[in-house]
Amino acid sequence: MTYTPEYGHGGNVRAAADAKGVGVDQLLDFSANINPLGPPHWLRSCLSRAIDDIVHYPDPSAAPLCELIAQKYGVAADRVLVANGSTELLYQLPRALNCQRAVVPVPCYIDYLKVVELENMETITIELSEEANFCLDMDLLEKTIKDGDLVIIGSPANPTGVLASATAILGLAKRYPEVSFVIDEAFLDFVVDAQSLAGRAANIISLHSLTKFYAIPGLRLGYGVFPEAVSRKLRKSLPPWSVNNLAQEGGMKAVNDNVYQEKSRDYIVKCRTRFEEQLRKFTELKVFPAVANYILLRLLGSMEVRELQKGLESQDILIRDCFNYQGLNSKFFRVAVRTDAENRKFIDALGLFLKNTGKQKVSRRKTPAIMFQGTSSNAGKSVLTAALCRILLQDGVRVAPFKAQNMYLNSFVTADGLEMGRAQVVQAQAARLDPDVLMNPILLKPNSDTGSQVIVRGRPLGNMSVMDYVSYKKQAMSIVCDCYDELSDEYQAVILEGAGSPGEVNLKRHDIVNMRMAHHAESPVLLVGDIDRGGVYASFVGHMEVLDRWERQLVAGFLVNRFRGNSDLLQEAHDYVKNHTGKEVIGVIPYLHNHGIPEEDSVSFKEGLFQGRIPQDDHIEVVIVNLPHISNFTDFEPLIAETDVYLRVVSDPDELGYPDVLILPGSKNVIGDIISLQQSRMTEAILNLSRGSCEIVGICGGYQMLGRQISDPHEIESKKGTIEGLGLINMETSMAREKQLTRRQGIHVASGQPVRGYEIHHGQTTTAEKQLVTYKEGSGCGTEGSDSNTWGCYLHGIFDADLFRRWFIDRVRKRKGLGECKGPFASYDLEPAFDSLADEVRKSIDMDRIYQLLRL
C-alpha cells in the first residue's frame, strides 16, 4: 500500500509506517526537515527532571521562557509569545492584525495561504521564477504591496530553501510602515551567520520554531516576536497553558545552548554540501541551491514524483511531494538533509530509478552483525560472544568475533607474531578460526593508574597517558572501522563485543568501542546485565535513560545473565522493562558454574571467580599472588579444572597460609609490583615459604621477580630504574625497547613433556643456569633456583599442556606424601566447553529473534 500524505505536510511517518506494515524506525523520513543530529543530549535528563511537575499546571504564558527569548533579541518580554509550535501563532495572526489583503510570494509554506483563506482575506500571490531559483523579487514585491497589507515571507523559504535579504526586507518595512510584515524564520537557525529580523521594526513580526532545529516535533515549541499592540491582542485570543511544562523546561535550556547550535550548523553545512554534490550527478534531476536543512529538487525526465515516491517507499524512504505547493507541479519534490550515512542510502536508492553519469560508488552493504554490550564490566559479554559464535558455527554460518578496543593485560601472540587480547582469541576458537588482530585492533595494557601501553593492529605504538590516548582516539576510530570492514568482508556475520558500559556518561563523547562502533557496523545491540550482582532491571532502565536517541535506537533488547532459579518469576520485571523502555528481554541465561571458558579480564580474577572449591579428596593447594598489574592470569585456568587442586588468589600476606605451591603471575609493571609486594610484606612472606617445602613458580613478570635484579633503563614500564628482586634464582633482567612476541613449542626438560604457548615480554634475562624449556628451533627459556622447588619461565600457557600439568601436580603430591591421583583427570580442551556453553545459551535466548536481528 502506498502512503498518500492527505494532510498536506511532510513528516506523517506513522501513517506511512502503518501503510507499509512496518515500525516507524524502519523508515528513513526525508519528508520532514528535522535536525539530523537529533535532540540535544541533555533533553532526556531535562524532561526527566520536569516530569514530576506535570501534576501542576504550566505557567499560562511561559513567562520565564519569554524572558530568556526577549534577552536574546534585546526586546521587552511582553513582546514575546511562546506557543505550541510557531504554526499556532501563524493561525492567530490574520485575526489580530485586521489586514484587508494578504501578499504572499509563492511557492511557500502551504499554511500561509490556508490561514488567510480561513479569514476570507483577499490574497495576492507573487509567483517567483524558477529560472531565478525562486529568489524573492523585492522590486516586484514593492510594486505589489500597499498600506494595510499583510505580507508573509519565509526566510529561508519552504520548500525552496531561499534566504531573503534581511537588509532588503528591513528597508521595505521602513518605507511602508502601514504594511505588516510576517517573517517566518522557522529554519533560520540552520543558516550560518544569519540575521534575524526579530524586533527590528515596529511593523515586523518574526516567527521562530524550536521544533525543527532542536528535533522535537513530538514536543512542539515555537515563539514569535511581535509589536506590543499585536502581542496584547494575541494574548487575549491564545488559550492558556498551550505550552506544557516539559516543553517550557526544554525551551529554557535550548535557547542558551550555543554549543549545540554551532555544532548543528557546522554539521548541516558539511552534510548538505556532500549531499548536493551527489545529487547533482543525476542527469534527470535539477538541484536548487539551499541554505538550510532541506533541498528542493525537480525531475527533468518523463517520470513524475508520485512514481519516484512509490519506488523510494519500496526502499523504506519517504520524500515530500511538492505538487500541492502553489507555483510548483508534479515534477518537484523536497528532501531533508540527514546524516551522511542516511544521505548515502538515499543516493543509493535514488540510483535505482534515475540515471547517474558520475561514477556512483554504491555504499557497501554491511555484513550482518549483532553486538553484546554490558551494564557493567564483567557482565558476561565475552563469554556470550563466544557462545553465539559457536551457535552460528553449528548452524553453518561463517562468523567472526570483533572487539574494537580491549583494556586488559591478558594478551596473546598470533602465529605471525602480533599481539591481541585473549578474549578474542577464545572467541575465534569458538568460531574455529585462527586468531587475527583484525578481531581486536587496539589493545590497551595499563602500566600505571593513569597510563597504558597502546597496541595497534598487533604492534606496540607506545605508552600513552589517559589524555594522550583521548587525543589519539579520532585516529583510533578510523583504524578500528577499517579493521572491522576488512574483517567483516570475509564472513557472513560478525559478533561484536563492547567494553564496560555504554552508559558511562564521562566516556561517551570519545567512545570507539560501544555505540559508535555499533553505529559503524549497523549492528543492533543487546544489553547484557548480571542479575547475580542485583539491580539488573534498574540498570537496564537507567542505561536507556542516559543514552542518546540514536543510541537507544540501536538497542534491540536485553539479556539477563547469571540467573539462579525459576526464570518464570521474572516475567513481572520483564513486563515493567518493556513498558518503560519499549525493549524486550529476549533471554535469561542461567548461572553457569565452571563453564570452562577463559574469562575476559582481571575483574573475574579479583572477584574470586578463579577461586577453586576445596576438593573433598586428597589435593594440593596452589596460591596465586594477586599483583596490582597482573597480566595473563588465564595461564592458571587449567589448574582449576583439576579435581585434586585447590587454587586460591591472595592479596594479603596474612592470607597465604601454608600452600604447596605459590605462583607469581605475569605483570605489566614488574618494578611497580615488586615495590607493592615489598610494601605489603608479601616478599618477606614468599621468602619464608621458599625455605620450606612450598614450590615457588614465576611466569613471565613473576619469573623476572624471582631473580636478583630488574632494571628498566628505557623506562618501558617504570621510572624507578633498577630494583632488587627476590633473589631466589641467579639471574638478572633488563627491559629492552623491543617487545618479544613469539609463539613457542618445545620440551620441558625435567619432565620430558611437550609444552607450547607464547612469549610476550620486554625483559631480557641473563643467567648461567640451565634452561628449563628447550624450543624446537634450538633456543630455550626458564631457570630453576638452587633446587627444583623454585623455577620460572617466560612461556605463557605452559600449564595448558595436559601431560606436563599432570606431571607437575603429581610431583607436588609426591613431595607432600600423597599417592597418585586416581582421576578423573582434566583435559584442557575447549571444544566440549564451547559446545556445552552453546547448548545452554541456545536454550536460554530467543534464537529466532537473534536471527531476525542478524538479517540471516
# chains A, B, ... in the order shown; residues from 1 in each chain; ligands from 1
call {"tool": "select_by_dssp", "arguments": {"residues": "region 354-533 of chain A", "states": "alpha helix (DSSP H)", "output": "PyMOL selection string"}}
result
chain A and resi 381-394+422-430+466-488+515-521
call {"tool": "select_by_dssp", "arguments": {"residues": "region 456-598 of chain A", "states": "strand (DSSP E or B)", "output": "PyMOL selection string"}}
result
chain A and resi 456+459-465+493-497+525-530+555-563+584-590
call {"tool": "write_last_selection", "arguments": {"atoms": "N, CA and C atoms", "output": "CSV table (one decimal), in the first residue's frame"}}
result
chain,number,residue,atom,x,y,z
A,456,VAL,N,48.5,-1.4,18.6
A,456,VAL,CA,47.6,-1.1,17.4
A,456,VAL,C,47.9,-2.1,16.3
A,459,ARG,N,50.8,-4.4,17.1
A,459,ARG,CA,52.2,-3.9,17.3
A,459,ARG,C,52.2,-2.7,18.3
A,460,PRO,N,53.1,-2.7,19.3
A,460,PRO,CA,53.2,-1.6,20.2
A,460,PRO,C,53.4,-0.2,19.6
A,461,LEU,N,52.5,0.7,19.9
A,461,LEU,CA,52.6,2.1,19.4
A,461,LEU,C,53.4,2.9,20.4
A,462,GLY,N,53.3,2.6,21.7
A,462,GLY,CA,54.0,3.3,22.7
A,462,GLY,C,53.1,3.5,23.9
A,463,ASN,N,53.7,4.1,25.0
A,463,ASN,CA,52.9,4.4,26.2
A,463,ASN,C,52.2,5.7,26.1
A,464,MET,N,51.0,5.7,26.5
A,464,MET,CA,50.2,7.0,26.5
A,464,MET,C,49.5,7.2,27.8
A,465,SER,N,49.5,8.5,28.2
A,465,SER,CA,48.6,8.8,29.4
A,465,SER,C,47.2,8.8,28.9
A,493,ALA,N,28.7,-13.2,9.1
A,493,ALA,CA,28.2,-12.5,10.2
A,493,ALA,C,29.4,-12.2,11.1
A,494,VAL,N,29.2,-11.1,11.9
A,494,VAL,CA,30.2,-10.7,12.9
A,494,VAL,C,29.5,-10.5,14.2
A,495,ILE,N,30.1,-11.0,15.3
A,495,ILE,CA,29.5,-10.8,16.6
A,495,ILE,C,30.5,-9.8,17.3
A,496,LEU,N,30.0,-8.7,17.6
A,496,LEU,CA,30.8,-7.6,18.3
A,496,LEU,C,30.6,-7.6,19.8
A,497,GLU,N,31.7,-7.2,20.5
A,497,GLU,CA,31.6,-7.1,21.9
A,497,GLU,C,32.0,-5.7,22.3
A,525,VAL,N,22.1,-3.8,19.1
A,525,VAL,CA,22.8,-4.1,20.4
A,525,VAL,C,21.9,-4.8,21.3
A,526,LEU,N,22.5,-5.8,22.0
A,526,LEU,CA,21.9,-6.5,23.1
A,526,LEU,C,22.6,-6.1,24.4
A,527,LEU,N,21.8,-5.5,25.3
A,527,LEU,CA,22.4,-5.0,26.6
A,527,LEU,C,22.4,-6.2,27.6
A,528,VAL,N,23.6,-6.6,28.1
A,528,VAL,CA,23.7,-7.7,29.0
A,528,VAL,C,23.8,-7.2,30.4
A,529,GLY,N,23.0,-7.8,31.3
A,529,GLY,CA,23.1,-7.4,32.7
A,529,GLY,C,23.3,-8.6,33.6
A,530,ASP,N,24.1,-8.5,34.6
A,530,ASP,CA,24.4,-9.6,35.5
A,530,ASP,C,23.5,-9.5,36.7
A,555,VAL,N,19.6,-0.2,20.4
A,555,VAL,CA,19.4,-1.2,21.4
A,555,VAL,C,18.1,-2.1,21.0
A,556,ALA,N,18.4,-3.3,20.8
A,556,ALA,CA,17.3,-4.2,20.3
A,556,ALA,C,16.7,-5.0,21.4
A,557,GLY,N,17.3,-5.1,22.6
A,557,GLY,CA,16.7,-5.8,23.7
A,557,GLY,C,17.7,-6.0,24.8
A,558,PHE,N,17.3,-6.8,25.8
A,558,PHE,CA,18.1,-7.0,26.9
A,558,PHE,C,18.3,-8.5,27.2
A,559,LEU,N,19.5,-8.9,27.8
A,559,LEU,CA,19.8,-10.2,28.2
A,559,LEU,C,20.1,-10.2,29.7
A,560,VAL,N,19.4,-11.1,30.4
A,560,VAL,CA,19.6,-11.2,31.9
A,560,VAL,C,20.6,-12.4,32.0
A,561,ASN,N,21.8,-12.1,32.6
A,561,ASN,CA,22.8,-13.2,32.7
A,561,ASN,C,23.0,-13.6,34.1
A,562,ARG,N,23.4,-14.8,34.3
A,562,ARG,CA,23.8,-15.4,35.6
A,562,ARG,C,22.7,-15.5,36.6
A,563,PHE,N,21.5,-16.0,36.1
A,563,PHE,CA,20.3,-16.1,37.0
A,563,PHE,C,20.3,-17.5,37.7
A,584,GLU,N,12.4,-5.4,24.7
A,584,GLU,CA,12.1,-6.7,25.4
A,584,GLU,C,13.4,-7.4,26.0
A,585,VAL,N,13.2,-8.1,27.0
A,585,VAL,CA,14.2,-9.1,27.5
A,585,VAL,C,14.0,-10.3,26.6
A,586,ILE,N,15.1,-10.6,25.9
A,586,ILE,CA,15.0,-11.7,24.9
A,586,ILE,C,15.7,-13.0,25.4
A,587,GLY,N,16.2,-13.0,26.6
A,587,GLY,CA,16.8,-14.2,27.1
A,587,GLY,C,17.2,-14.1,28.6
A,588,VAL,N,17.1,-15.2,29.3
A,588,VAL,CA,17.6,-15.3,30.6
A,588,VAL,C,18.6,-16.4,30.7
A,589,ILE,N,19.9,-16.1,30.9
A,589,ILE,CA,20.9,-17.2,30.9
A,589,ILE,C,21.2,-17.6,32.3
A,590,PRO,N,21.2,-18.9,32.6
A,590,PRO,CA,21.4,-19.3,34.0
A,590,PRO,C,22.9,-19.1,34.4
call {"tool": "residues_around", "arguments": {"residues": "Pro36 (chain A)", "least_positions_apart": "3", "cutoff": "12 Å", "atoms": "only C-alpha atoms", "output": "ChimeraX atom specification"}}
result
/A:28-30,32-33,39-40,190,212-216,263-272,292-294,336-343,549-550
call {"tool": "write_last_selection", "arguments": {"atoms": "N, CA, C and O atoms", "output": "compact mmCIF listing (two decimals), in the first residue's frame"}}
result
# COMPACT_ATOMS: atom_id res chain seq x y z
N LEU A 28 13.22 5.70 6.60
CA LEU A 28 14.06 6.89 6.55
C LEU A 28 13.19 8.03 6.04
O LEU A 28 12.80 8.06 4.87
N ASP A 29 12.90 8.97 6.93
CA ASP A 29 11.95 10.03 6.60
C ASP A 29 12.69 11.26 6.10
O ASP A 29 13.18 12.07 6.88
N PHE A 30 12.76 11.41 4.78
CA PHE A 30 13.33 12.60 4.17
C PHE A 30 12.26 13.66 3.88
O PHE A 30 12.54 14.68 3.28
N ALA A 32 10.42 15.21 6.29
CA ALA A 32 10.33 16.19 7.38
C ALA A 32 11.71 16.80 7.62
O ALA A 32 12.71 16.08 7.70
N ASN A 33 11.75 18.11 7.75
CA ASN A 33 13.02 18.83 7.86
C ASN A 33 13.43 19.00 9.32
O ASN A 33 13.28 20.07 9.91
N PRO A 39 17.77 15.38 19.03
CA PRO A 39 17.65 16.32 20.15
C PRO A 39 18.98 16.48 20.88
O PRO A 39 19.83 15.59 20.84
N PRO A 40 19.18 17.59 21.55
CA PRO A 40 20.40 17.75 22.35
C PRO A 40 20.52 16.63 23.39
O PRO A 40 19.50 16.11 23.87
N PHE A 190 19.25 27.22 11.18
CA PHE A 190 20.12 26.32 10.43
C PHE A 190 21.14 27.06 9.57
O PHE A 190 22.06 26.45 9.03
N LYS A 212 11.99 22.26 14.90
CA LYS A 212 12.80 21.70 13.82
C LYS A 212 14.28 21.68 14.19
O LYS A 212 14.96 20.68 14.00
N PHE A 213 14.76 22.81 14.71
CA PHE A 213 16.19 22.92 14.97
C PHE A 213 16.62 21.99 16.10
O PHE A 213 17.70 21.40 16.06
N TYR A 214 15.78 21.86 17.11
CA TYR A 214 16.14 21.01 18.26
C TYR A 214 15.55 19.61 18.15
O TYR A 214 15.64 18.83 19.10
N ALA A 215 14.99 19.29 16.99
CA ALA A 215 14.49 17.93 16.70
C ALA A 215 13.48 17.46 17.74
O ALA A 215 13.59 16.36 18.28
N ILE A 216 12.46 18.30 18.00
CA ILE A 216 11.44 17.94 18.99
C ILE A 216 10.03 18.11 18.41
O ILE A 216 9.15 18.70 19.05
N LYS A 263 27.33 23.49 16.65
CA LYS A 263 27.61 22.13 16.17
C LYS A 263 26.61 21.73 15.08
O LYS A 263 26.98 21.14 14.06
N SER A 264 25.35 22.09 15.28
CA SER A 264 24.31 21.74 14.29
C SER A 264 24.54 22.44 12.97
O SER A 264 24.46 21.83 11.89
N ARG A 265 24.82 23.74 13.03
CA ARG A 265 25.03 24.49 11.78
C ARG A 265 26.24 23.95 11.01
O ARG A 265 26.19 23.77 9.79
N ASP A 266 27.30 23.69 11.74
CA ASP A 266 28.51 23.17 11.10
C ASP A 266 28.23 21.81 10.46
O ASP A 266 28.64 21.53 9.33
N TYR A 267 27.49 20.97 11.18
CA TYR A 267 27.18 19.62 10.69
C TYR A 267 26.29 19.68 9.45
O TYR A 267 26.51 18.97 8.47
N ILE A 268 25.28 20.55 9.49
CA ILE A 268 24.35 20.68 8.36
C ILE A 268 25.09 21.13 7.11
O ILE A 268 24.87 20.59 6.01
N VAL A 269 25.97 22.11 7.25
CA VAL A 269 26.70 22.61 6.08
C VAL A 269 27.51 21.48 5.45
O VAL A 269 27.50 21.29 4.22
N LYS A 270 28.21 20.71 6.27
CA LYS A 270 29.04 19.63 5.73
C LYS A 270 28.19 18.55 5.07
O LYS A 270 28.50 18.09 3.96
N CYS A 271 27.13 18.15 5.73
CA CYS A 271 26.27 17.09 5.17
C CYS A 271 25.57 17.57 3.91
O CYS A 271 25.47 16.82 2.92
N ARG A 272 25.06 18.80 3.94
CA ARG A 272 24.33 19.32 2.78
C ARG A 272 25.25 19.45 1.57
O ARG A 272 24.86 19.12 0.44
N ALA A 292 19.54 25.86 4.16
CA ALA A 292 19.08 25.29 5.42
C ALA A 292 19.27 23.77 5.41
O ALA A 292 20.24 23.27 4.85
N ASN A 293 18.34 23.05 5.99
CA ASN A 293 18.49 21.60 6.14
C ASN A 293 17.56 20.83 5.21
O ASN A 293 17.11 19.73 5.54
N TYR A 294 17.25 21.39 4.06
CA TYR A 294 16.43 20.71 3.06
C TYR A 294 16.80 21.22 1.68
O TYR A 294 17.39 22.31 1.54
N ALA A 336 14.91 16.26 3.00
CA ALA A 336 15.65 16.79 4.14
C ALA A 336 17.12 16.40 4.03
O ALA A 336 17.47 15.41 3.37
N VAL A 337 17.98 17.17 4.66
CA VAL A 337 19.38 16.79 4.81
C VAL A 337 19.48 15.99 6.10
O VAL A 337 19.18 16.49 7.19
N ARG A 338 19.89 14.75 5.96
CA ARG A 338 20.02 13.89 7.14
C ARG A 338 21.51 13.58 7.36
O ARG A 338 22.37 14.29 6.86
N THR A 339 21.82 12.55 8.11
CA THR A 339 23.22 12.22 8.35
C THR A 339 23.88 11.74 7.07
O THR A 339 23.20 11.32 6.12
N ASP A 340 25.21 11.76 7.04
CA ASP A 340 25.92 11.32 5.84
C ASP A 340 25.55 9.89 5.47
O ASP A 340 25.33 9.57 4.29
N ALA A 341 25.46 9.02 6.46
CA ALA A 341 25.13 7.62 6.19
C ALA A 341 23.73 7.50 5.61
O ALA A 341 23.50 6.74 4.65
N GLU A 342 22.79 8.24 6.16
CA GLU A 342 21.41 8.19 5.65
C GLU A 342 21.32 8.83 4.27
O GLU A 342 20.58 8.32 3.40
N ASN A 343 22.06 9.90 4.07
CA ASN A 343 22.06 10.52 2.74
C ASN A 343 22.63 9.58 1.69
O ASN A 343 22.16 9.54 0.55
N ARG A 549 19.29 9.49 21.78
CA ARG A 549 18.24 8.87 20.97
C ARG A 549 18.82 7.88 19.97
O ARG A 549 18.31 6.76 19.82
N TRP A 550 19.88 8.28 19.26
CA TRP A 550 20.43 7.38 18.24
C TRP A 550 21.00 6.13 18.87
O TRP A 550 20.98 5.05 18.26
call {"tool": "residues_around", "arguments": {"residues": "Gly74 (chain A)", "least_positions_apart": "2", "cutoff": "12 Å", "atoms": "only C-alpha atoms", "output": "JSON, numbers by chain"}}
result
{"A": [66, 67, 68, 69, 70, 71, 72, 76, 77, 78, 79, 80, 196, 197, 198, 199, 200, 225]}
call {"tool": "residues_around", "arguments": {"residues": "Asp137 (chain A)", "least_positions_apart": "5", "cutoff": "12 Å", "atoms": "only C-alpha atoms", "output": "count of residues only"}}
result
19
call {"tool": "closest_residue", "arguments": {"among": "A:Val650, A:Cys389, A:Met371, A:Ala173", "to": "Ala201 (chain A)", "atoms": "only C-alpha atoms"}}
result
A:Ala173
